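First comes the structure, then the notes that go with it.
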There are 4 protein chains.
Amino acid sequence: MDYQRLFSEIAIELSEIDDLGNVASYIPELQNVDPKKFGIHLSTIDRQDYSFGDAHEKFSIQSIAKVLALALAFELEDDQLWDRVGVEPSGSPFNSLVQLEYEKGIPRNPFINAGALVICDILVSRLNNPQQEFLEFTRKISGNSQIDYCSRIAESERLTSFRNAAHLNLMKSYGNIQNDIEAVLDFYCHLCSIAMTCKELAQGYLFLAANGVNPITNERVLRGSQTKRINAIMQLCGFYDEAGEFAFKVGLPGKSGVGGGIIAIYPGHYSIAVWSPKLNKKGNSYRGMQILEFFTTRTKSSIF
Amino acid sequence: MDYQRLFSEIAIELSEIDDLGNVASYIPELQNVDPKKFGIHLSTIDRQDYSFGDAHEKFSIQSIAKVLALALAFELEDDQLWDRVGVEPSGSPFNSLVQLEYEKGIPRNPFINAGALVICDILVSRLNNPQQEFLEFTRKISGNSQIDYCSRIAESERLTSFRNAAHLNLMKSYGNIQNDIEAVLDFYCHLCSIAMTCKELAQGYLFLAANGVNPITNERVLRGSQTKRINAIMQLCGFYDEAGEFAFKVGLPGKSGVGGGIIAIYPGHYSIAVWSPKLNKKGNSYRGMQILEFFTTRTKSSIF
Amino acid sequence: MDYQRLFSEIAIELSEIDDLGNVASYIPELQNVDPKKFGIHLSTIDRQDYSFGDAHEKFSIQSIAKVLALALAFELEDDQLWDRVGVEPSGSPFNSLVQLEYEKGIPRNPFINAGALVICDILVSRLNNPQQEFLEFTRKISGNSQIDYCSRIAESERLTSFRNAAHLNLMKSYGNIQNDIEAVLDFYCHLCSIAMTCKELAQGYLFLAANGVNPITNERVLRGSQTKRINAIMQLCGFYDEAGEFAFKVGLPGKSGVGGGIIAIYPGHYSIAVWSPKLNKKGNSYRGMQILEFFTTRTKSSIF
Amino acid sequence: MDYQRLFSEIAIELSEIDDLGNVASYIPELQNVDPKKFGIHLSTIDRQDYSFGDAHEKFSIQSIAKVLALALAFELEDDQLWDRVGVEPSGSPFNSLVQLEYEKGIPRNPFINAGALVICDILVSRLNNPQQEFLEFTRKISGNSQIDYCSRIAESERLTSFRNAAHLNLMKSYGNIQNDIEAVLDFYCHLCSIAMTCKELAQGYLFLAANGVNPITNERVLRGSQTKRINAIMQLCGFYDEAGEFAFKVGLPGKSGVGGGIIAIYPGHYSIAVWSPKLNKKGNSYRGMQILEFFTTRTKSSIF
């Protein structure tokens with residue numbers, strides 16, 4: 001299939017539809033992004049790459065980084081990881097403390113904020129220098145030494161992260177956070193600040209489409225069965241309370257970030273990263289979801 | 001692969017593990033089922049069939065019937081169906097009224113009780129003789145005229161369905177139920193009372209693995225894209241608050257019933273029905289989930 | 001104190017403030033009431049009476065009747081009543097099913113709808129002819145044979161009471177409703193339809209200010225200690241989630257109804273009934289609360 | 001009435017009933033208290049005092065101090081205080097974050113933890129040296145320069161106050177905390193650590209029974225109307241989700257602490273402090289509630 005042409009067609013079609021979302025505004029660094037940015041990158045497991053638009057421009061991947069944090073924690077802890085965080089969708093309209101209180105400090109899954117904070121706590125316990133080692137892990141699995149944190153964004157997030165501090169304190173009151181709250185929060189804010197291009201994202205997450213081995217680097221990241229499990233969690237929990245909508249319309253596992261990026265995985269075939277900064281009411285890229293719906297419909301790619 | 005032998009191996013392996021569940025007890029007809037029943041049936045889209053154990057014995061499919069009700073309503077209403085019921089996981093531990101109240105009478109998805117009741121309301125509105133026509137639909141898509149309601153079970157359910165009546169009344173107070181409550185409840189209780197064998201289940205639901213056409217009857221049930229959407233909903237919502245666990249361990253879309261049955265779909269490959277009456281705490285067949293986990297692990301079948 | 005003059009002053013003062021509420025609109029009979037109605041009646045335990053405005057016009061007392069239902073059930077059941085309904089404030093912004101589900105069908109108190117429905121269930125069990133006997137009880141304690149149901153309102157409520165039916169069904173699923181749902185609902189709708197004037201209300205509820213004996217009829221309604229307990233429940237639960245506001249500003253136990261009436265009790269001194277149909281957002285008479293705040297401030301009457 | 005004799009009778013009667021509660025155990029300093037302690041002190045507004053048992057032994061007043069913090073904040077802020085904290089019962093079984101999230105960081109009332117933390121934030125903003133000035137206020141209103149913090153308890157609480165830190169962070173995310181979280185938490189932990197005897201408590205809180213002026217010192221603490229409002233809040237919110245039970249059985253406004261103390265106020269008559277360390281499941285002194293129920297029943301004191 002002529003993916004390049006398909007991307008152009010999608011871009012034209014979408015240009016005729018209003019982009020109704022709003023750029024994330026809680027920190028200036030995200031708010032100042034050009035809302036018209038529009039990037040797509042497709043990486044297939046047989047090592048073909050297709051870029052479109054702003055695919056080579058770095059943006060803040062935000063929550064998409066939670067997938068890599070989960071991958072590293074899963075590698076380190078294997079299934080004992082699930083003693084501290086669940087694998088169920090949360091059903092909550094926002095990153096809520098309600099469920100966390102009812103369920104005594106065990107977050108529903110690793111992609112809601114509370115769950116990602118537990119993953120960070122695990123990495124802070126396990127790694128000597130969490131920030132540096134996590135960055136190296138990210139660089140290694142994507143075969144790309146250019147990937148880095150954006151310290152400006154990390155600091156900005158740190159200054160407004162009262163709600164995440166509330167999550168951490170609540171979980172600590174239940175014994176599900178072991179490290180100092182400031183240390184975990186600091187690591188978490190760095191994690192979310194990673195900047196990547198669509199191309200880097202698609203290539204870095206390609207191991208999830210390829211049974212755990214990155215076909216570009218031939219580096220094994222996880223066992224095949226672990227990869228399937230991460231894909232399953234992405235499918236059920238990757239889009240907050242829009243996971244059903246994404247499964248329904250796009251039909252692939254994926255993960256979004258408030259920077260406007262989305263990664264989606266077609267196991268056995270490809271990974272695709274899209275970027276469009278305006279978010280819908282659920283906090284997922286408005287146009288990004290449309291791109292993926294168009295793309296998977298035209299290419300008839302769906303795991304279902 | 002020698003499926004017959006694989007089934008035997010799974011049966012032997014499971015016989016060494018305690019079956020820790022409990023048979024559903026809220027109506028006598030379910031409580032009196034022999035807890036040792038154990039059936040498996042696999043139907044592939046290239047028309048091969050493999051049975052094991054009690055695969056030819058009828059049991060109460062209960063909530064598994066909600067998939068067929070959804071299929072029929074989806075055929076009749078197409079996407080306007082989603083004005084009245086969502087596609088998101090509920091995140092609730094039981095068939096709760098809490099979310100329904102917060103979300104003003106719109107159920108999260110068609111598989112929680114509230115959602116299935118809305119589907120029933122739609123069918124009661126759309127069909128002249130809902131009970132008869134639904135039965136004919138079920139018989140047609142499975143190419144099996146032997147399928148029938150169990151009126152004893154339907155009546156028994158009817159007598160204890162105060163909670164479902166609460167759901168209906170609450171939704172009616174929000175304007176999301178159009179028919180008489182008794183009529184909808186009666187239809188719903190009949191729906192849940194359908195008795196099928198594992199073989200009938202696997203063959204009847206095979207259209208979901210075959211892009212909407214039942215390969216046995218060559219009957220088109222739904223458009224391919226609609227089938228994918230039902231599979232997506234099953235994946236995210238088919239096991240109440242154990243959907244994540246099922247996706248994580250089994251890796252296929254599926255639906256369970258409190259009669260101890262589970263149907264699972266491997267799109268493009270097969271459907272598989274299992275039956276073991278003891279339920280885990282979440283209300284899903286304890287052993288049935290194990291059978292499917294073993295089966296998909298050994299056969300390396302997973303959509304992820 | 002010259003109460004008559006005080007009432008005039010309050011009326012003048014309030015006439016300079018906008019009446020910001022809205023008349024209840026869920027049934028036509030309430031919606032069509034003249035929103036300008038304004039009545040006050042004060043009955044002291046030494047048998048003095050002061051009327052103002054529309055104090056002699058009948059209106060639908062609605063939930064104010066729940067106090068009498070509680071009084072009769074308390075007389076019949078004494079403290080075993082509290083096995084089936086609590087005495088705690090609900091903290092809920094409306095008559096919610098959420099708490100009822102979390103607390104397994106035991107309503108928080110007898111004044112939220114669920115609690116009043118349990119009280120009705122008890123009366124239906126205990127009385128041979130609940131409607132007739134309840135009416136006689138009401139007439140007897142108020143020494144007034146003119147009090148009656150408004151069948152038009154009762155029927156109108158009955159047609160829109162899906163939410164109350166939801167409460168009843170949910171409680172029945174937990175075993176906390178013993179009678180037929182229709183019978184309880186019918187009795188409840190009659191209860192709420194009772195029409196009384198401010199004068200009838202103040203005189204009928206005067207026993208609550210007089211240690212259980214109505215000073216007008218010298219009829220003992222309840223033991224003194226039971227009266228105190230009803231007053232305590234009114235104080236904590238009489239105004240839904242505005243109970244604190246009422247205690248804070250008015251400082252007396254009381255009960256409101258969506259017909260725009262409020263009864264308040266100053267134990268050892270008086271009962272006072274006010275009527276003004278427009279309701280604030282919490283469903284309590286907007287002006288009625290103001291009248292009582294002015295009145296208790298000027299007369300320095302407060303139990304605190 | 002011979003109060004001294006009444007206290008003896010109550011003590012004898014209670015000695016025949018098992019004390020079924022448990023001493024608070026979350027910090028060692030509370031856990032090590034002798035569970036058999038039993039003190040009562042009654043102070044009347046005409047300056048009579050009656051002590052019984054361990055009435056002259058200091059104990060940790062814990063949440064009872066929230067009443068004084070409220071009094072001081074109310075004096076400083078007057079009614080603008082209510083922009084930041086409500087006056088409604090919470091209806092929650094524990095010091096929950098659930099409601100706080102639903103209600104966007106505005107606590108229900110000043111006696112749940114979240115509300116007391118907002119009061120502390122106000123005092124930290126308003127006072128130059130909050131700890132010192134609050135202590136002086138407490139000493140002044142009780143005419144007792146011996147009252148002090150217990151720094152051991154304050155430090156111990158500080159080390160386990162993750163849940164309070166969660167409350168503070170959540171409220172800060174909604175803009176309802178203005179100061180540094182550590183500073184507010186530190187002040188709050190000191191507040192809760194105040195040690196007083198039953199006699200000191202009864203005498204210190206006597207202004208609430210005397211229209212705002214302490215009859216012992218003739219010091220005006222608050223305006224009469226403000227005193228009534230604090231009494232109203234105590235009545236509705238002083239015992240967490242046992243406020244109704246306390247109003248129902250004791251019939252007076254009051255406030256409990258996990259140190260096993262309770263203060264109750266009979267406006268126009270007396271204040272009474274009791275101490276018995278074992279707590280019931282709701283966190284209120286098991287025996288303390290019994291003492292007060294017996295006492296108010298025998299003396300027929302009830303505001304209702």
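Each chain in the structure tokens gets a letter, A, B and so on, in the order shown; residues start at 1 in every chain, and ligands are counted from 1 in the order they appear.
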Chain D contacts to chain C at 9 Å (only C-alpha atoms) as an MDAnalysis selection string
chainID D and resid 86:92 108:109 208:209 225 227:233 235:237 241:245 247:249 251:253 265:268 297 302:304
Cα-based least-squares overlay of chain A on chain C, as a tab-separated table (two decimals) with C-alpha atoms, in the first residue's frame:
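This is the output file result38.tsv:
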```tsv
chain	number	residue	atom	x	y	z
A	1	MET	CA	-43.06	40.08	71.67
A	2	ASP	CA	-45.36	41.47	69.01
A	3	TYR	CA	-45.12	38.57	66.59
A	4	GLN	CA	-47.71	39.99	64.24
A	5	ARG	CA	-45.67	43.11	63.75
A	6	LEU	CA	-42.48	41.11	63.41
A	7	PHE	CA	-44.06	39.06	60.60
A	8	SER	CA	-45.01	42.29	58.78
A	9	GLU	CA	-41.49	43.62	59.12
A	10	ILE	CA	-40.02	40.40	57.80
A	11	ALA	CA	-42.44	40.46	54.85
A	12	ILE	CA	-41.46	44.03	54.01
A	13	GLU	CA	-37.78	43.35	54.32
A	14	LEU	CA	-38.00	40.25	52.14
A	15	SER	CA	-40.08	42.06	49.52
A	16	GLU	CA	-36.98	44.11	48.81
A	17	ILE	CA	-34.92	41.01	48.08
A	18	ASP	CA	-35.42	39.03	44.88
A	19	ASP	CA	-36.99	35.63	45.37
A	20	LEU	CA	-34.43	33.68	43.41
A	21	GLY	CA	-35.89	30.20	43.64
A	22	ASN	CA	-37.95	28.16	41.21
A	23	VAL	CA	-41.26	26.43	41.80
A	24	ALA	CA	-41.03	22.63	41.70
A	25	SER	CA	-41.87	21.55	38.19
A	26	TYR	CA	-41.83	17.77	38.03
A	27	ILE	CA	-45.61	17.52	38.31
A	28	PRO	CA	-48.11	20.03	36.91
A	29	GLU	CA	-49.98	20.34	40.21
A	30	LEU	CA	-46.95	21.81	41.93
A	31	GLN	CA	-45.84	23.87	38.96
A	32	ASN	CA	-49.15	25.70	38.74
A	33	VAL	CA	-49.03	27.07	42.28
A	34	ASP	CA	-48.87	30.88	42.50
A	35	PRO	CA	-45.17	31.53	43.25
A	36	LYS	CA	-46.05	34.64	45.28
A	37	LYS	CA	-47.81	32.73	48.02
A	38	PHE	CA	-46.39	33.66	51.40
A	39	GLY	CA	-47.73	32.29	54.66
A	40	ILE	CA	-46.49	32.08	58.26
A	41	HIS	CA	-48.08	30.53	61.31
A	42	LEU	CA	-46.66	30.37	64.81
A	43	SER	CA	-48.18	28.17	67.52
A	44	THR	CA	-46.76	28.40	71.01
A	45	ILE	CA	-47.02	25.63	73.58
A	46	ASP	CA	-49.02	27.97	75.81
A	47	ARG	CA	-51.63	27.97	73.06
A	48	GLN	CA	-51.11	31.25	71.35
A	49	ASP	CA	-51.41	31.46	67.57
A	50	TYR	CA	-50.17	34.07	65.12
A	51	SER	CA	-50.93	33.96	61.40
A	52	PHE	CA	-49.64	36.02	58.53
A	53	GLY	CA	-50.35	36.17	54.80
A	54	ASP	CA	-51.55	32.98	53.17
A	55	ALA	CA	-51.41	31.03	56.40
A	56	HIS	CA	-54.89	29.65	55.95
A	57	GLU	CA	-54.49	28.36	52.44
A	58	LYS	CA	-53.84	24.67	51.85
A	59	PHE	CA	-50.73	23.54	50.01
A	60	SER	CA	-49.01	20.26	49.33
A	61	ILE	CA	-46.84	19.49	52.36
A	62	GLN	CA	-44.87	16.83	50.47
A	63	SER	CA	-41.84	15.63	52.49
A	64	ILE	CA	-42.99	17.38	55.64
A	65	ALA	CA	-45.38	14.44	55.95
A	66	LYS	CA	-42.36	12.15	56.42
A	67	VAL	CA	-42.12	13.44	59.99
A	68	LEU	CA	-45.60	12.17	60.80
A	69	ALA	CA	-44.93	8.85	59.09
A	70	LEU	CA	-41.81	8.53	61.21
A	71	ALA	CA	-43.76	9.44	64.36
A	72	LEU	CA	-46.36	6.76	63.69
A	73	ALA	CA	-43.76	4.11	62.81
A	74	PHE	CA	-41.73	5.03	65.90
A	75	GLU	CA	-44.85	4.64	68.05
A	76	LEU	CA	-45.52	1.22	66.52
A	77	GLU	CA	-41.99	-0.19	66.39
A	78	ASP	CA	-40.09	1.75	69.04
A	79	ASP	CA	-36.33	1.30	68.79
A	80	GLN	CA	-36.41	-1.78	66.59
A	81	LEU	CA	-37.25	0.72	63.87
A	82	TRP	CA	-33.53	1.56	63.71
A	83	ASP	CA	-32.64	-1.89	62.48
A	84	ARG	CA	-34.01	-0.87	59.10
A	85	VAL	CA	-33.14	2.79	58.80
A	86	GLY	CA	-30.29	4.93	60.21
A	87	VAL	CA	-30.20	8.28	61.97
A	88	GLU	CA	-27.19	9.80	60.21
A	89	PRO	CA	-27.11	12.68	57.73
A	90	SER	CA	-26.61	11.44	54.20
A	91	GLY	CA	-24.18	14.04	52.95
A	92	SER	CA	-25.58	13.47	49.46
A	93	PRO	CA	-26.54	16.30	47.15
A	94	PHE	CA	-29.76	14.65	46.06
A	95	ASN	CA	-31.84	11.61	46.83
A	96	SER	CA	-29.14	9.33	45.68
A	97	LEU	CA	-28.96	5.58	45.16
A	98	VAL	CA	-25.19	5.63	45.56
A	99	GLN	CA	-25.06	5.48	49.33
A	100	LEU	CA	-27.92	3.00	49.44
A	101	GLU	CA	-25.90	0.60	47.32
A	102	TYR	CA	-22.69	1.05	49.32
A	103	GLU	CA	-24.63	0.52	52.55
A	104	LYS	CA	-26.51	-2.56	51.34
A	105	GLY	CA	-30.02	-1.23	51.28
A	106	ILE	CA	-30.13	0.44	54.71
A	107	PRO	CA	-31.05	4.11	54.16
A	108	ARG	CA	-29.13	6.71	56.07
A	109	ASN	CA	-32.17	8.29	57.74
A	110	PRO	CA	-35.97	8.41	57.55
A	111	PHE	CA	-36.10	11.70	55.64
A	112	ILE	CA	-34.22	10.87	52.48
A	113	ASN	CA	-36.58	9.21	50.01
A	114	ALA	CA	-35.18	5.72	50.55
A	115	GLY	CA	-35.68	6.03	54.31
A	116	ALA	CA	-39.20	7.35	53.99
A	117	LEU	CA	-39.99	4.43	51.68
A	118	VAL	CA	-38.80	1.99	54.36
A	119	ILE	CA	-41.01	3.79	56.88
A	120	CYS	CA	-43.90	3.39	54.43
A	121	ASP	CA	-43.12	-0.30	54.06
A	122	ILE	CA	-43.28	-0.65	57.85
A	123	LEU	CA	-46.63	1.13	57.99
A	124	VAL	CA	-48.00	-0.98	55.14
A	125	SER	CA	-46.99	-4.08	57.14
A	126	ARG	CA	-48.38	-2.82	60.42
A	127	LEU	CA	-51.66	-1.18	59.44
A	128	ASN	CA	-54.74	-2.86	58.08
A	129	ASN	CA	-55.67	0.06	55.90
A	130	PRO	CA	-52.53	2.18	55.75
A	131	GLN	CA	-53.94	5.15	53.84
A	132	GLN	CA	-57.01	5.50	56.01
A	133	GLU	CA	-55.23	4.88	59.31
A	134	PHE	CA	-52.41	7.27	58.54
A	135	LEU	CA	-54.93	9.97	57.69
A	136	GLU	CA	-56.73	9.35	60.96
A	137	PHE	CA	-53.45	9.58	62.87
A	138	THR	CA	-52.71	12.91	61.18
A	139	ARG	CA	-56.17	14.23	61.93
A	140	LYS	CA	-56.04	13.09	65.52
A	141	ILE	CA	-52.69	14.57	66.42
A	142	SER	CA	-53.60	17.88	64.85
A	143	GLY	CA	-57.15	17.88	66.19
A	144	ASN	CA	-58.33	18.64	62.71
A	145	SER	CA	-60.65	16.41	60.73
A	146	GLN	CA	-60.32	18.52	57.58
A	147	ILE	CA	-56.91	17.23	56.62
A	148	ASP	CA	-56.92	15.04	53.54
A	149	TYR	CA	-54.88	13.63	50.66
A	150	CYS	CA	-54.96	15.34	47.30
A	151	SER	CA	-55.64	12.42	44.99
A	152	ARG	CA	-54.74	14.43	41.89
A	153	ILE	CA	-51.25	15.05	43.25
A	154	ALA	CA	-50.90	11.48	44.48
A	155	GLU	CA	-51.73	10.15	41.02
A	156	SER	CA	-49.46	12.61	39.31
A	157	GLU	CA	-46.54	11.64	41.57
A	158	ARG	CA	-47.30	7.98	41.01
A	159	LEU	CA	-46.84	8.42	37.26
A	160	THR	CA	-43.37	9.92	37.61
A	161	SER	CA	-42.03	7.92	40.51
A	162	PHE	CA	-39.55	5.74	38.60
A	163	ARG	CA	-36.72	6.84	40.80
A	164	ASN	CA	-38.61	5.91	43.95
A	165	ALA	CA	-39.40	2.56	42.33
A	166	ALA	CA	-35.66	2.18	41.73
A	167	HIS	CA	-35.01	2.82	45.43
A	168	LEU	CA	-37.66	0.29	46.44
A	169	ASN	CA	-36.38	-2.39	44.07
A	170	LEU	CA	-32.80	-1.88	45.17
A	171	MET	CA	-33.78	-2.13	48.84
A	172	LYS	CA	-35.93	-5.15	48.11
A	173	SER	CA	-32.91	-6.81	46.50
A	174	TYR	CA	-31.19	-6.36	49.87
A	175	GLY	CA	-34.23	-7.64	51.78
A	176	ASN	CA	-35.15	-4.29	53.32
A	177	ILE	CA	-38.60	-3.99	51.71
A	178	GLN	CA	-41.18	-6.58	52.70
A	179	ASN	CA	-44.31	-5.57	50.85
A	180	ASP	CA	-45.29	-5.35	47.25
A	181	ILE	CA	-43.50	-2.44	45.62
A	182	GLU	CA	-46.65	-0.99	44.07
A	183	ALA	CA	-48.44	-0.97	47.42
A	184	VAL	CA	-45.59	0.86	49.17
A	185	LEU	CA	-45.21	3.33	46.33
A	186	ASP	CA	-48.90	4.04	46.30
A	187	PHE	CA	-48.97	4.72	50.03
A	188	TYR	CA	-45.86	6.90	49.74
A	189	CYS	CA	-47.40	9.02	46.96
A	190	HIS	CA	-50.50	9.55	49.02
A	191	LEU	CA	-48.44	10.53	52.04
A	192	CYS	CA	-46.65	13.21	50.04
A	193	SER	CA	-49.92	14.54	48.66
A	194	ILE	CA	-51.38	15.66	52.00
A	195	ALA	CA	-52.61	19.24	51.83
A	196	MET	CA	-52.44	21.46	54.90
A	197	THR	CA	-52.38	25.15	55.76
A	198	CYS	CA	-49.53	26.78	57.67
A	199	LYS	CA	-51.82	26.92	60.68
A	200	GLU	CA	-52.68	23.24	60.44
A	201	LEU	CA	-49.03	22.35	60.07
A	202	ALA	CA	-47.88	24.42	63.04
A	203	GLN	CA	-50.66	23.08	65.24
A	204	GLY	CA	-50.33	19.50	64.04
A	205	TYR	CA	-46.58	19.36	64.73
A	206	LEU	CA	-46.77	21.25	68.04
A	207	PHE	CA	-46.40	18.00	70.00
A	208	LEU	CA	-42.74	18.01	68.93
A	209	ALA	CA	-42.25	21.29	70.84
A	210	ALA	CA	-44.21	20.03	73.81
A	211	ASN	CA	-42.48	16.84	74.84
A	212	GLY	CA	-44.85	14.58	72.91
A	213	VAL	CA	-48.25	15.93	73.94
A	214	ASN	CA	-50.22	18.24	71.67
A	215	PRO	CA	-51.17	21.14	73.98
A	216	ILE	CA	-54.23	21.88	71.89
A	217	THR	CA	-55.78	18.42	72.09
A	218	ASN	CA	-53.91	17.21	75.18
A	219	GLU	CA	-53.33	14.09	73.11
A	220	ARG	CA	-50.03	12.28	73.80
A	221	VAL	CA	-48.48	11.34	70.45
A	222	LEU	CA	-45.11	9.98	71.57
A	223	ARG	CA	-43.03	9.67	74.72
A	224	GLY	CA	-40.95	12.76	75.50
A	225	SER	CA	-37.69	10.96	74.73
A	226	GLN	CA	-39.04	9.83	71.36
A	227	THR	CA	-39.98	13.40	70.52
A	228	LYS	CA	-36.46	14.58	71.31
A	229	ARG	CA	-35.12	11.91	69.01
A	230	ILE	CA	-37.33	12.97	66.13
A	231	ASN	CA	-36.23	16.57	66.69
A	232	ALA	CA	-32.60	15.43	66.62
A	233	ILE	CA	-33.16	13.62	63.31
A	234	MET	CA	-34.91	16.68	61.86
A	235	GLN	CA	-31.99	18.84	62.93
A	236	LEU	CA	-29.43	16.61	61.26
A	237	CYS	CA	-31.39	15.37	58.24
A	238	GLY	CA	-34.38	17.63	57.67
A	239	PHE	CA	-32.99	19.64	54.76
A	240	TYR	CA	-31.10	17.12	52.62
A	241	ASP	CA	-27.62	18.51	52.07
A	242	GLU	CA	-28.60	21.89	53.44
A	243	ALA	CA	-29.13	20.63	56.99
A	244	GLY	CA	-25.92	22.31	58.16
A	245	GLU	CA	-26.89	25.59	56.55
A	246	PHE	CA	-30.29	25.50	58.25
A	247	ALA	CA	-28.82	24.61	61.64
A	248	PHE	CA	-26.18	27.30	61.14
A	249	LYS	CA	-28.57	30.08	60.16
A	250	VAL	CA	-31.89	29.14	61.76
A	251	GLY	CA	-30.72	27.05	64.69
A	252	LEU	CA	-33.88	24.97	65.06
A	253	PRO	CA	-34.87	21.46	64.00
A	254	GLY	CA	-37.17	21.49	61.00
A	255	LYS	CA	-38.35	19.79	57.84
A	256	SER	CA	-38.98	21.13	54.37
A	257	GLY	CA	-41.10	19.97	51.44
A	258	VAL	CA	-40.89	20.69	47.71
A	259	GLY	CA	-44.32	22.32	47.93
A	260	GLY	CA	-42.44	25.23	49.50
A	261	GLY	CA	-43.42	24.59	53.10
A	262	ILE	CA	-41.12	24.34	56.11
A	263	ILE	CA	-41.97	23.38	59.68
A	264	ALA	CA	-39.53	24.32	62.45
A	265	ILE	CA	-39.67	23.41	66.12
A	266	TYR	CA	-38.36	25.32	69.12
A	267	PRO	CA	-38.61	22.67	71.83
A	268	GLY	CA	-40.30	23.96	74.94
A	269	HIS	CA	-41.54	27.04	73.11
A	270	TYR	CA	-43.25	26.86	69.74
A	271	SER	CA	-43.68	25.40	66.28
A	272	ILE	CA	-43.65	27.61	63.21
A	273	ALA	CA	-44.77	26.80	59.66
A	274	VAL	CA	-43.89	28.92	56.64
A	275	TRP	CA	-44.87	28.64	52.98
A	276	SER	CA	-43.31	30.19	49.89
A	277	PRO	CA	-43.31	27.99	46.77
A	278	LYS	CA	-40.03	28.95	45.09
A	279	LEU	CA	-37.24	26.51	45.94
A	280	ASN	CA	-33.49	27.05	46.06
A	281	LYS	CA	-31.10	24.70	44.29
A	282	LYS	CA	-31.13	22.27	47.17
A	283	GLY	CA	-34.92	21.91	46.94
A	284	ASN	CA	-35.80	23.93	50.05
A	285	SER	CA	-38.07	27.02	50.03
A	286	TYR	CA	-35.80	29.96	49.18
A	287	ARG	CA	-37.84	32.55	51.02
A	288	GLY	CA	-38.99	30.12	53.70
A	289	MET	CA	-35.42	29.71	54.89
A	290	GLN	CA	-34.99	33.49	54.92
A	291	ILE	CA	-38.18	34.02	56.94
A	292	LEU	CA	-36.99	31.55	59.55
A	293	GLU	CA	-33.49	33.00	59.67
A	294	PHE	CA	-34.92	36.49	60.23
A	295	PHE	CA	-37.46	35.24	62.73
A	296	THR	CA	-35.09	33.25	64.91
A	297	THR	CA	-32.48	35.99	64.81
A	298	ARG	CA	-34.95	38.68	65.91
A	299	THR	CA	-36.55	36.51	68.57
A	300	LYS	CA	-33.20	35.10	69.62
A	301	SER	CA	-34.64	31.63	69.46
A	302	SER	CA	-32.07	28.93	68.82
A	303	ILE	CA	-31.47	25.59	70.46
A	304	PHE	CA	-27.75	26.31	70.32
```
Could you pull out the residues in range 32-250 of chain A that DSSP calls strand (DSSP E or B) from the backbone, as a list of chain:residue names?
A:Gly39, A:Ile40, A:His41, A:Leu42, A:Ser43, A:Thr44, A:Asp49, A:Tyr50, A:Ser51, A:Phe52, A:Gly53, A:Phe59, A:Ser60, A:Asp148, A:Ala195, A:Met196, A:Val213, A:Asn214, A:Glu219, A:Arg220
Include C-alpha atoms and write out the residues we just selected as a CSV table (one decimal), in the first residue's frame.
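Final output, out_39.csv:
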```
chain,number,residue,atom,x,y,z
A,39,GLY,CA,3.1,14.6,12.3
A,40,ILE,CA,2.8,10.9,11.4
A,41,HIS,CA,5.4,8.1,11.4
A,42,LEU,CA,4.8,4.5,10.5
A,43,SER,CA,7.5,1.8,11.2
A,44,THR,CA,6.8,-1.7,10.0
A,49,ASP,CA,9.5,3.7,7.5
A,50,TYR,CA,7.0,6.3,6.3
A,51,SER,CA,7.0,9.9,7.6
A,52,PHE,CA,4.6,12.7,7.1
A,53,GLY,CA,4.4,16.4,8.1
A,59,PHE,CA,7.5,17.1,21.3
A,60,SER,CA,6.8,16.3,24.8
A,148,ASP,CA,16.6,13.3,26.4
A,195,ALA,CA,11.0,14.8,24.1
A,196,MET,CA,10.8,12.6,21.0
A,213,VAL,CA,12.6,-7.6,20.0
A,214,ASN,CA,13.3,-4.2,18.3
A,219,GLU,CA,17.7,-5.8,20.9
A,220,ARG,CA,15.4,-8.0,23.0
```
Mind listing the alpha helix (DSSP H) residues of range 38-125 of chain C, per DSSP on the backbone, as an NGL selection string?
:C and (65-77 or 98-102 or 113-125)
